Every structure is written in C-alpha cells, then in structure tokens.
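Here is the file work.tsv (TSV, C-alpha atoms and all ligand atoms).
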```tsv
chain	number	residue	atom	x	y	z
A	1	MET	CA	8.06	-26.35	8.33
A	2	ALA	CA	9.24	-23.53	10.58
A	3	GLY	CA	10.59	-21.05	8.02
A	4	MET	CA	12.14	-17.71	8.85
A	5	VAL	CA	11.28	-16.07	12.15
A	6	PRO	CA	10.96	-12.27	12.21
A	7	ASP	CA	13.13	-10.41	14.73
A	8	PRO	CA	10.71	-8.43	16.94
A	9	GLU	CA	13.33	-5.71	17.48
A	10	THR	CA	14.09	-4.87	13.86
A	11	ASP	CA	11.43	-6.48	11.63
A	12	MET	CA	7.96	-5.04	11.20
A	13	LEU	CA	4.88	-6.04	9.24
A	14	GLY	CA	3.48	-3.19	7.13
A	15	LEU	CA	-0.14	-3.51	6.04
A	16	ILE	CA	-0.99	-1.39	3.05
A	17	ASP	CA	-4.58	-0.28	2.43
A	18	VAL	CA	-6.38	-3.37	3.74
A	19	GLN	CA	-9.74	-1.65	3.33
A	20	PRO	CA	-13.08	-2.92	2.00
A	21	THR	CA	-13.03	-0.22	-0.71
A	22	PHE	CA	-10.31	-2.31	-2.46
A	23	MET	CA	-12.11	-5.64	-2.13
A	24	PRO	CA	-14.94	-7.30	-4.08
A	25	GLY	CA	-18.09	-5.27	-3.36
A	26	GLY	CA	-16.02	-2.11	-2.78
A	27	GLU	CA	-15.61	0.95	-4.99
A	28	LEU	CA	-12.22	0.00	-6.46
A	29	PRO	CA	-12.21	-3.78	-6.16
A	30	VAL	CA	-8.88	-5.51	-6.61
A	31	PRO	CA	-9.44	-9.03	-7.99
A	32	GLU	CA	-9.42	-11.46	-5.03
A	33	GLY	CA	-8.57	-8.55	-2.74
A	34	ASP	CA	-10.31	-10.23	0.19
A	35	ALA	CA	-8.06	-13.31	-0.17
A	36	VAL	CA	-5.34	-11.42	1.71
A	37	LEU	CA	-7.40	-11.32	4.92
A	38	PRO	CA	-6.80	-14.83	6.34
A	39	VAL	CA	-3.14	-14.71	5.32
A	40	ILE	CA	-2.58	-11.37	7.06
A	41	ALA	CA	-4.58	-12.49	10.10
A	42	ARG	CA	-2.20	-15.42	10.60
A	43	LEU	CA	0.86	-13.19	10.26
A	44	LEU	CA	-0.59	-10.69	12.77
A	45	GLU	CA	-1.46	-13.30	15.36
A	46	GLY	CA	1.62	-15.46	14.92
A	47	PRO	CA	5.04	-14.51	13.57
A	48	PHE	CA	4.94	-10.69	13.75
A	49	ARG	CA	4.85	-8.92	17.12
A	50	HIS	CA	4.68	-5.42	15.64
A	51	ALA	CA	2.78	-3.94	12.71
A	52	PHE	CA	1.62	-0.68	11.23
A	53	ALA	CA	-1.24	-0.15	8.79
A	54	THR	CA	-2.01	2.48	6.19
A	55	GLN	CA	-5.40	3.74	5.09
A	56	ASP	CA	-6.04	5.39	1.76
A	57	TRP	CA	-8.04	8.41	2.96
A	58	HIS	CA	-9.40	10.73	0.30
A	59	PRO	CA	-11.69	13.77	0.48
A	60	ALA	CA	-14.84	13.27	-1.63
A	61	ASP	CA	-13.48	15.67	-4.28
A	62	HIS	CA	-10.01	14.13	-4.54
A	63	LEU	CA	-8.28	14.84	-7.84
A	64	SER	CA	-7.37	11.16	-8.36
A	65	PHE	CA	-11.09	10.54	-8.92
A	66	ALA	CA	-12.17	10.47	-12.58
A	67	SER	CA	-15.41	12.11	-11.42
A	68	GLN	CA	-13.42	15.35	-10.84
A	69	HIS	CA	-12.23	15.48	-14.47
A	70	PRO	CA	-15.11	16.07	-16.91
A	71	GLY	CA	-14.74	13.94	-20.02
A	72	ARG	CA	-12.29	11.54	-18.38
A	73	ALA	CA	-12.95	7.95	-17.35
A	74	PRO	CA	-11.47	5.77	-14.63
A	75	TYR	CA	-8.04	4.35	-15.62
A	76	ASP	CA	-7.29	7.28	-17.95
A	77	SER	CA	-4.04	9.04	-17.21
A	78	VAL	CA	-3.90	12.82	-16.72
A	79	ALA	CA	-0.99	15.21	-16.31
A	80	MET	CA	-0.74	16.63	-12.80
A	81	PRO	CA	1.85	19.21	-11.76
A	82	TYR	CA	3.85	16.35	-10.19
A	83	GLY	CA	3.62	14.04	-13.22
A	84	PRO	CA	1.20	11.56	-14.77
A	85	GLN	CA	-1.66	10.41	-12.55
A	86	THR	CA	-3.99	7.47	-13.17
A	87	LEU	CA	-7.63	8.30	-12.56
A	88	TRP	CA	-9.73	5.99	-10.41
A	89	PRO	CA	-13.36	5.44	-9.49
A	90	ASP	CA	-14.26	7.36	-6.32
A	91	HIS	CA	-12.86	5.25	-3.45
A	92	ALA	CA	-11.56	5.32	0.11
A	93	VAL	CA	-13.61	8.39	1.01
A	94	GLN	CA	-12.70	9.73	4.45
A	95	GLY	CA	-15.02	8.43	7.15
A	96	SER	CA	-16.91	5.99	4.91
A	97	ALA	CA	-17.37	2.41	6.14
A	98	ASN	CA	-15.39	1.06	3.19
A	99	ALA	CA	-12.40	3.27	4.08
A	100	ALA	CA	-12.03	1.69	7.54
A	101	LEU	CA	-9.42	-0.95	8.19
A	102	HIS	CA	-11.14	-4.20	7.29
A	103	PRO	CA	-13.01	-5.47	10.37
A	104	ALA	CA	-11.53	-8.98	9.89
A	105	LEU	CA	-8.04	-7.68	10.76
A	106	PRO	CA	-6.95	-8.54	14.29
A	107	GLN	CA	-5.79	-5.08	15.40
A	108	GLY	CA	-3.97	-5.93	18.63
A	109	ARG	CA	-0.48	-5.64	17.14
A	110	ILE	CA	-1.23	-2.76	14.78
A	111	GLU	CA	0.62	-0.05	16.70
A	112	MET	CA	0.38	2.81	14.22
A	113	ILE	CA	-2.22	3.73	11.63
A	114	LEU	CA	-1.14	6.12	8.92
A	115	ARG	CA	-3.60	7.87	6.64
A	116	LYS	CA	-2.52	9.12	3.24
A	117	GLY	CA	-3.97	10.77	0.16
A	118	PHE	CA	-5.85	13.35	2.21
A	119	ARG	CA	-4.72	16.38	0.16
A	120	ARG	CA	-7.12	17.03	-2.70
A	121	GLU	CA	-4.36	18.00	-5.12
A	122	VAL	CA	-1.84	15.19	-4.55
A	123	ASP	CA	-2.38	11.45	-4.53
A	124	SER	CA	-0.30	9.25	-2.25
A	125	TYR	CA	0.25	5.64	-3.25
A	126	SER	CA	3.37	5.19	-1.12
A	127	ALA	CA	3.25	4.99	2.66
A	128	PHE	CA	6.40	7.18	2.73
A	129	PHE	CA	5.94	10.00	0.22
A	130	GLU	CA	3.03	11.52	-1.63
A	131	ASN	CA	2.99	11.14	-5.40
A	132	ASP	CA	5.07	14.30	-5.80
A	133	HIS	CA	7.89	12.08	-4.40
A	134	ARG	CA	8.80	14.92	-2.01
A	135	THR	CA	6.14	15.37	0.64
A	136	PRO	CA	6.88	12.91	3.48
A	137	THR	CA	4.12	11.15	5.41
A	138	GLY	CA	6.28	10.83	8.54
A	139	LEU	CA	6.43	7.03	8.43
A	140	GLU	CA	10.19	6.94	7.90
A	141	GLY	CA	10.85	8.83	11.13
A	142	TRP	CA	8.47	6.64	13.10
A	143	LEU	CA	10.10	3.43	11.83
A	144	ARG	CA	13.62	4.70	12.53
A	145	ALA	CA	12.66	5.85	16.02
A	146	ARG	CA	11.30	2.36	16.63
A	147	GLY	CA	14.57	0.76	15.49
A	148	VAL	CA	13.03	-0.96	12.47
A	149	ARG	CA	15.47	-2.07	9.80
A	150	ARG	CA	13.41	-4.43	7.66
A	151	LEU	CA	9.82	-4.23	6.45
A	152	PHE	CA	7.57	-7.10	5.41
A	153	LEU	CA	4.81	-5.66	3.25
A	154	ALA	CA	1.32	-7.03	2.63
A	155	GLY	CA	-1.95	-5.62	1.34
A	156	LEU	CA	-3.44	-3.88	-1.67
A	157	ALA	CA	-2.69	-3.26	-4.38
A	158	THR	CA	0.56	-5.05	-5.22
A	159	ASP	CA	1.23	-2.89	-8.29
A	160	PHE	CA	0.30	0.49	-6.79
A	161	CYS	CA	0.39	1.24	-3.08
A	162	VAL	CA	2.40	-1.85	-2.09
A	163	ALA	CA	4.91	-1.40	-4.94
A	164	TRP	CA	5.39	2.34	-4.39
A	165	SER	CA	5.83	1.77	-0.64
A	166	ALA	CA	8.35	-1.02	-1.25
A	167	GLU	CA	10.30	1.13	-3.68
A	168	ASP	CA	10.49	4.10	-1.32
A	169	ALA	CA	11.42	1.86	1.63
A	170	ALA	CA	14.26	0.27	-0.37
A	171	ARG	CA	15.47	3.69	-1.52
A	172	LEU	CA	15.46	4.86	2.12
A	173	GLY	CA	17.71	1.94	3.04
A	174	PHE	CA	15.26	-0.44	4.70
A	175	GLY	CA	15.38	-4.13	3.86
A	176	VAL	CA	12.12	-4.93	2.07
A	177	VAL	CA	10.26	-8.20	1.68
A	178	VAL	CA	6.93	-8.37	-0.17
A	179	ILE	CA	4.80	-11.26	1.08
A	180	GLU	CA	3.31	-12.20	-2.24
A	181	ASP	CA	0.29	-14.27	-1.21
A	182	ALA	CA	-0.62	-11.54	1.31
A	183	CYS	CA	-1.01	-9.07	-1.59
A	184	ARG	CA	-3.22	-8.80	-4.67
A	185	GLY	CA	-2.75	-6.54	-7.68
A	186	ILE	CA	-4.88	-4.55	-10.12
A	187	GLY	CA	-2.92	-5.31	-13.30
A	188	LEU	CA	-3.69	-2.44	-15.66
A	189	PRO	CA	-2.46	-2.87	-19.24
A	190	LEU	CA	0.49	-0.63	-20.12
A	191	PRO	CA	0.76	1.21	-23.46
A	192	GLU	CA	4.19	-0.35	-24.02
A	193	GLY	CA	2.75	-3.84	-23.43
A	194	GLY	CA	2.56	-5.98	-20.31
A	195	THR	CA	0.74	-4.96	-17.14
A	196	THR	CA	1.40	-2.76	-14.13
A	197	LEU	CA	1.77	-5.96	-12.10
A	198	GLU	CA	4.55	-7.36	-14.29
A	199	ALA	CA	6.27	-3.98	-14.43
A	200	ALA	CA	6.13	-3.58	-10.64
A	201	ARG	CA	7.63	-6.99	-10.04
A	202	ARG	CA	10.48	-6.29	-12.43
A	203	ARG	CA	11.14	-2.83	-10.96
A	204	LEU	CA	11.15	-4.10	-7.37
A	205	GLY	CA	13.30	-7.11	-8.19
A	206	GLY	CA	15.83	-4.77	-9.76
A	207	MET	CA	15.97	-2.75	-6.54
A	208	GLY	CA	16.72	-5.74	-4.34
A	209	VAL	CA	13.23	-6.13	-2.92
A	210	ALA	CA	12.66	-9.78	-1.97
A	211	PHE	CA	9.46	-11.74	-2.59
A	212	LEU	CA	8.43	-14.42	-0.14
A	213	ARG	CA	5.38	-16.60	0.40
A	214	SER	CA	3.74	-16.43	3.81
A	215	GLU	CA	4.25	-20.17	4.43
A	216	ALA	CA	7.96	-19.44	4.65
A	217	ILE	CA	7.36	-17.21	7.68
A	218	GLY	CA	6.68	-18.84	10.98
B	1	LIG	C1	-4.53	2.33	-4.49
B	1	LIG	C2	-5.22	3.13	-6.52
B	1	LIG	C3	-5.74	4.26	-5.92
B	1	LIG	C4	-3.86	1.24	-3.73
B	1	LIG	C5	-5.03	3.46	-3.87
B	1	LIG	O1	-4.12	1.10	-2.52
B	1	LIG	O2	-3.06	0.51	-4.35
B	1	LIG	N1	-4.62	2.18	-5.81
B	1	LIG	N2	-5.63	4.41	-4.59
B	2	ZN	ZN	-6.53	6.07	-3.63
```
Take the structure in this file and express it as structure tokens.
Amino acid sequence: MAGMVPDPETDMLGLIDVQPTFMPGGELPVPEGDAVLPVIARLLEGPFRHAFATQDWHPADHLSFASQHPGRAPYDSVAMPYGPQTLWPDHAVQGSANAALHPALPQGRIEMILRKGFRREVDSYSAFFENDHRTPTGLEGWLRARGVRRLFLAGLATDFCVAWSAEDAARLGFGVVVIEDACRGIGLPLPEGGTTLEAARRRLGGMGVAFLRSEAIG
C-alpha cells in the first residue's frame, strides 16, 4: 500500500525530543518511548527528504525540576509568573548523554536542530514558543524561509512537547499532522478527570490537527 507521499518542497518531518532521557532507562521515561525509534527511522530514510529535530535542553537548576522547589514532588503543579507549570524529575540536562539526539536516529536528513528550555526561569514544551506563549524559538521563521507549509510531527511526549508544538504550528497557520505511532505520551491524570493524553487529542482535533498512522505514509 503506497499511501500519501510527502511533497519535499512544502512538507517537513518534525522530530520532537527524541532523546534517551524520555525513554525507558532515562530520567523522565515515557512508557514505550523507545518504540518510536524504528518508526521514525523508516520515515527519515524513506518518505521524508527534509526534517528538523528539537532537543529539550535544560540547565541543571532548571525551574521545571521538582528538585528546585523544596517540599514539592515531581508531577505537582506550581504557579510560575507565566501560569501553571508541572514539575518534573531532573531531565534533559545540557550536555548529558541522555540529552543527545538518540543515537539510533539516522541524522542525514535532519537539517536543523533546535534546542529549547535553556532559560532557567521558563520551560519550553513547544518547538515554537516558550511556555510564556510569547518568547519565540525562531523555528517559525526558519520553516517559512524554507517554504514549509505542512508539518508532520513525531516524537515525545504526545501530550506535552508534541501537543504544544502541534497547537502552536496550527495557530501559526501551518498544516499539522501528528503521526500517532511515531509518538508516545505520558498520560498524567487530570484533576477534572481523564488524562493529559485524552485532553491533548481532543484539543488538537478541535484545532484541525490531523492524526495519521505511519503506514499511511510512503
Ligand atoms: C517534555 C516534560 C518535560 C516533553 C519535556 O518532551 O514532552 N515533557 N520536558
Ligand atoms: Zn523538559
């Protein structure tokens, strides 16, 4: 089955935080996080000619780390000047081996690597804006200068960095497709019921973000 074929001029694969820190054995393991690796490898060596990748890239004293908030535990929420912030185990520390792009990724077609979350005071889930929703990362300008009109997103975690990137991309006017089997989520329980994974899916669906399985791309 051939499936849809990406247009090399206007379609790009965006790899979000494919780093060992988010995989089993890492500091903030996403369940089955490593299962995205063979799926992404196929997409990078076959259907997509052009890709970019992000790296979560935190200083060791980053304020998204629960360790920086005495009395708080990972997955608690705290109020930051820019709004509520979930606290995490220390992860993706700049320069650490687990913060590198995963060595199983074929990097030939990864043409840009964007690091985010490097300011101690502001987290950055999205590849486009920091969590204050105002500070740009520069990715939008790079994509527009390259003539990209549609993004296919893959990586970790579906309900955080992938979802926030997809939302910002859609808001900026890009077509957005989330390749569902090339992503894995964290799935934190929400106070109002349900999980962050269910909520992200609903939010993205409502914004016109499409979900596709990788088999449909070839
Ligand atoms: C992420 C939590 C904290 C992600 C990054 O890549 O989804 N999640 N930092
Ligand atoms: Zn992070």
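Checking A:Arg119, A:His62, A:His50, A:Arg202 one by one against Leu143 in chain A, counting all atoms listed in the file, you find the shortest gap at A:His50.
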As a check of understanding: the span from CA of Glu27 in chain A to CA of Leu15 in chain A is 19.5 Å
* To do: For ligand LIG 1 (chain B), collect every residue having any atom at a distance of at most 6 Å from a ligand atom (counting only C-alpha atoms and all ligand atoms); output as number ranges by chain.
  => A: 17, 125, 156-157, 160-161
Would you tabulate, counting all atoms listed in the file, all residues of chain A that have an atom at most 12 Å from an atom of ligand ZN 2 (chain B), showing the closest pair of atoms and their distance in Å to one decimal, sorted by chain then ascending number, as JSON lines?
```
{"residue": "A:Ile16", "atom": "CA", "partner": "B:ZN2", "partner_atom": "ZN", "distance": 11.4}
{"residue": "A:Asp17", "atom": "CA", "partner": "B:ZN2", "partner_atom": "ZN", "distance": 9.0}
{"residue": "A:Val18", "atom": "CA", "partner": "B:ZN2", "partner_atom": "ZN", "distance": 12.0}
{"residue": "A:Gln19", "atom": "CA", "partner": "B:ZN2", "partner_atom": "ZN", "distance": 10.9}
{"residue": "A:Thr21", "atom": "CA", "partner": "B:ZN2", "partner_atom": "ZN", "distance": 9.5}
{"residue": "A:Phe22", "atom": "CA", "partner": "B:ZN2", "partner_atom": "ZN", "distance": 9.3}
{"residue": "A:Glu27", "atom": "CA", "partner": "B:ZN2", "partner_atom": "ZN", "distance": 10.5}
{"residue": "A:Leu28", "atom": "CA", "partner": "B:ZN2", "partner_atom": "ZN", "distance": 8.8}
{"residue": "A:Pro29", "atom": "CA", "partner": "B:ZN2", "partner_atom": "ZN", "distance": 11.6}
{"residue": "A:Thr54", "atom": "CA", "partner": "B:ZN2", "partner_atom": "ZN", "distance": 11.4}
{"residue": "A:Gln55", "atom": "CA", "partner": "B:ZN2", "partner_atom": "ZN", "distance": 9.1}
{"residue": "A:Asp56", "atom": "CA", "partner": "B:ZN2", "partner_atom": "ZN", "distance": 5.5}
{"residue": "A:Trp57", "atom": "CA", "partner": "B:ZN2", "partner_atom": "ZN", "distance": 7.2}
{"residue": "A:His58", "atom": "CA", "partner": "B:ZN2", "partner_atom": "ZN", "distance": 6.7}
{"residue": "A:Pro59", "atom": "CA", "partner": "B:ZN2", "partner_atom": "ZN", "distance": 10.1}
{"residue": "A:Ala60", "atom": "CA", "partner": "B:ZN2", "partner_atom": "ZN", "distance": 11.2}
{"residue": "A:Asp61", "atom": "CA", "partner": "B:ZN2", "partner_atom": "ZN", "distance": 11.9}
{"residue": "A:His62", "atom": "CA", "partner": "B:ZN2", "partner_atom": "ZN", "distance": 8.8}
{"residue": "A:Leu63", "atom": "CA", "partner": "B:ZN2", "partner_atom": "ZN", "distance": 9.9}
{"residue": "A:Ser64", "atom": "CA", "partner": "B:ZN2", "partner_atom": "ZN", "distance": 7.0}
{"residue": "A:Phe65", "atom": "CA", "partner": "B:ZN2", "partner_atom": "ZN", "distance": 8.3}
{"residue": "A:Ala66", "atom": "CA", "partner": "B:ZN2", "partner_atom": "ZN", "distance": 11.5}
{"residue": "A:Gln85", "atom": "CA", "partner": "B:ZN2", "partner_atom": "ZN", "distance": 11.1}
{"residue": "A:Thr86", "atom": "CA", "partner": "B:ZN2", "partner_atom": "ZN", "distance": 10.0}
{"residue": "A:Leu87", "atom": "CA", "partner": "B:ZN2", "partner_atom": "ZN", "distance": 9.3}
{"residue": "A:Trp88", "atom": "CA", "partner": "B:ZN2", "partner_atom": "ZN", "distance": 7.5}
{"residue": "A:Pro89", "atom": "CA", "partner": "B:ZN2", "partner_atom": "ZN", "distance": 9.0}
{"residue": "A:Asp90", "atom": "CA", "partner": "B:ZN2", "partner_atom": "ZN", "distance": 8.3}
{"residue": "A:His91", "atom": "CA", "partner": "B:ZN2", "partner_atom": "ZN", "distance": 6.4}
{"residue": "A:Ala92", "atom": "CA", "partner": "B:ZN2", "partner_atom": "ZN", "distance": 6.3}
{"residue": "A:Val93", "atom": "CA", "partner": "B:ZN2", "partner_atom": "ZN", "distance": 8.8}
{"residue": "A:Gln94", "atom": "CA", "partner": "B:ZN2", "partner_atom": "ZN", "distance": 10.8}
{"residue": "A:Ala99", "atom": "CA", "partner": "B:ZN2", "partner_atom": "ZN", "distance": 10.1}
{"residue": "A:Arg115", "atom": "CA", "partner": "B:ZN2", "partner_atom": "ZN", "distance": 10.8}
{"residue": "A:Lys116", "atom": "CA", "partner": "B:ZN2", "partner_atom": "ZN", "distance": 8.5}
{"residue": "A:Gly117", "atom": "CA", "partner": "B:ZN2", "partner_atom": "ZN", "distance": 6.6}
{"residue": "A:Phe118", "atom": "CA", "partner": "B:ZN2", "partner_atom": "ZN", "distance": 9.4}
{"residue": "A:Arg119", "atom": "CA", "partner": "B:ZN2", "partner_atom": "ZN", "distance": 11.1}
{"residue": "A:Arg120", "atom": "CA", "partner": "B:ZN2", "partner_atom": "ZN", "distance": 11.0}
{"residue": "A:Val122", "atom": "CA", "partner": "B:ZN2", "partner_atom": "ZN", "distance": 10.3}
{"residue": "A:Asp123", "atom": "CA", "partner": "B:ZN2", "partner_atom": "ZN", "distance": 6.9}
{"residue": "A:Ser124", "atom": "CA", "partner": "B:ZN2", "partner_atom": "ZN", "distance": 7.1}
{"residue": "A:Tyr125", "atom": "CA", "partner": "B:ZN2", "partner_atom": "ZN", "distance": 6.8}
{"residue": "A:Ser126", "atom": "CA", "partner": "B:ZN2", "partner_atom": "ZN", "distance": 10.3}
{"residue": "A:Ala127", "atom": "CA", "partner": "B:ZN2", "partner_atom": "ZN", "distance": 11.7}
{"residue": "A:Glu130", "atom": "CA", "partner": "B:ZN2", "partner_atom": "ZN", "distance": 11.2}
{"residue": "A:Asn131", "atom": "CA", "partner": "B:ZN2", "partner_atom": "ZN", "distance": 10.9}
{"residue": "A:Leu156", "atom": "CA", "partner": "B:ZN2", "partner_atom": "ZN", "distance": 10.6}
{"residue": "A:Ala157", "atom": "CA", "partner": "B:ZN2", "partner_atom": "ZN", "distance": 10.1}
{"residue": "A:Phe160", "atom": "CA", "partner": "B:ZN2", "partner_atom": "ZN", "distance": 9.4}
{"residue": "A:Cys161", "atom": "CA", "partner": "B:ZN2", "partner_atom": "ZN", "distance": 8.5}
```
If you count only C-alpha atoms, the residue of A:Arg109, A:Arg150, A:His69, A:His102 closest to Asp11 in chain A turns out to be A:Arg150
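Between CA of Arg146 in chain A and CA of Met12 in chain A lies a distance of 9.8 Å.
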> Could you pull the residues within 12 Å of Leu105 in chain A, counting only C-alpha atoms, minus those fewer than 4 positions along the same chain, as a list of chain:residue names?
Replying inline: A:Leu15, A:Asp17, A:Val18, A:Gln19, A:Pro20, A:Asp34, A:Val36, A:Leu37, A:Pro38, A:Val39, A:Ile40, A:Ala41, A:Arg42, A:Leu43, A:Leu44, A:Glu45, A:Ala51, A:Phe52, A:Ala53, A:Ala100, A:Leu101, A:Arg109, A:Ile110, A:Gly155
Writer output for current selection, C-alpha atoms, as a CSV table (one decimal), in the coordinates of the input:
```csv
chain,number,residue,atom,x,y,z
A,15,LEU,CA,-0.1,-3.5,6.0
A,17,ASP,CA,-4.6,-0.3,2.4
A,18,VAL,CA,-6.4,-3.4,3.7
A,19,GLN,CA,-9.7,-1.6,3.3
A,20,PRO,CA,-13.1,-2.9,2.0
A,34,ASP,CA,-10.3,-10.2,0.2
A,36,VAL,CA,-5.3,-11.4,1.7
A,37,LEU,CA,-7.4,-11.3,4.9
A,38,PRO,CA,-6.8,-14.8,6.3
A,39,VAL,CA,-3.1,-14.7,5.3
A,40,ILE,CA,-2.6,-11.4,7.1
A,41,ALA,CA,-4.6,-12.5,10.1
A,42,ARG,CA,-2.2,-15.4,10.6
A,43,LEU,CA,0.9,-13.2,10.3
A,44,LEU,CA,-0.6,-10.7,12.8
A,45,GLU,CA,-1.5,-13.3,15.4
A,51,ALA,CA,2.8,-3.9,12.7
A,52,PHE,CA,1.6,-0.7,11.2
A,53,ALA,CA,-1.2,-0.2,8.8
A,100,ALA,CA,-12.0,1.7,7.5
A,101,LEU,CA,-9.4,-1.0,8.2
A,109,ARG,CA,-0.5,-5.6,17.1
A,110,ILE,CA,-1.2,-2.8,14.8
A,155,GLY,CA,-2.0,-5.6,1.3
```
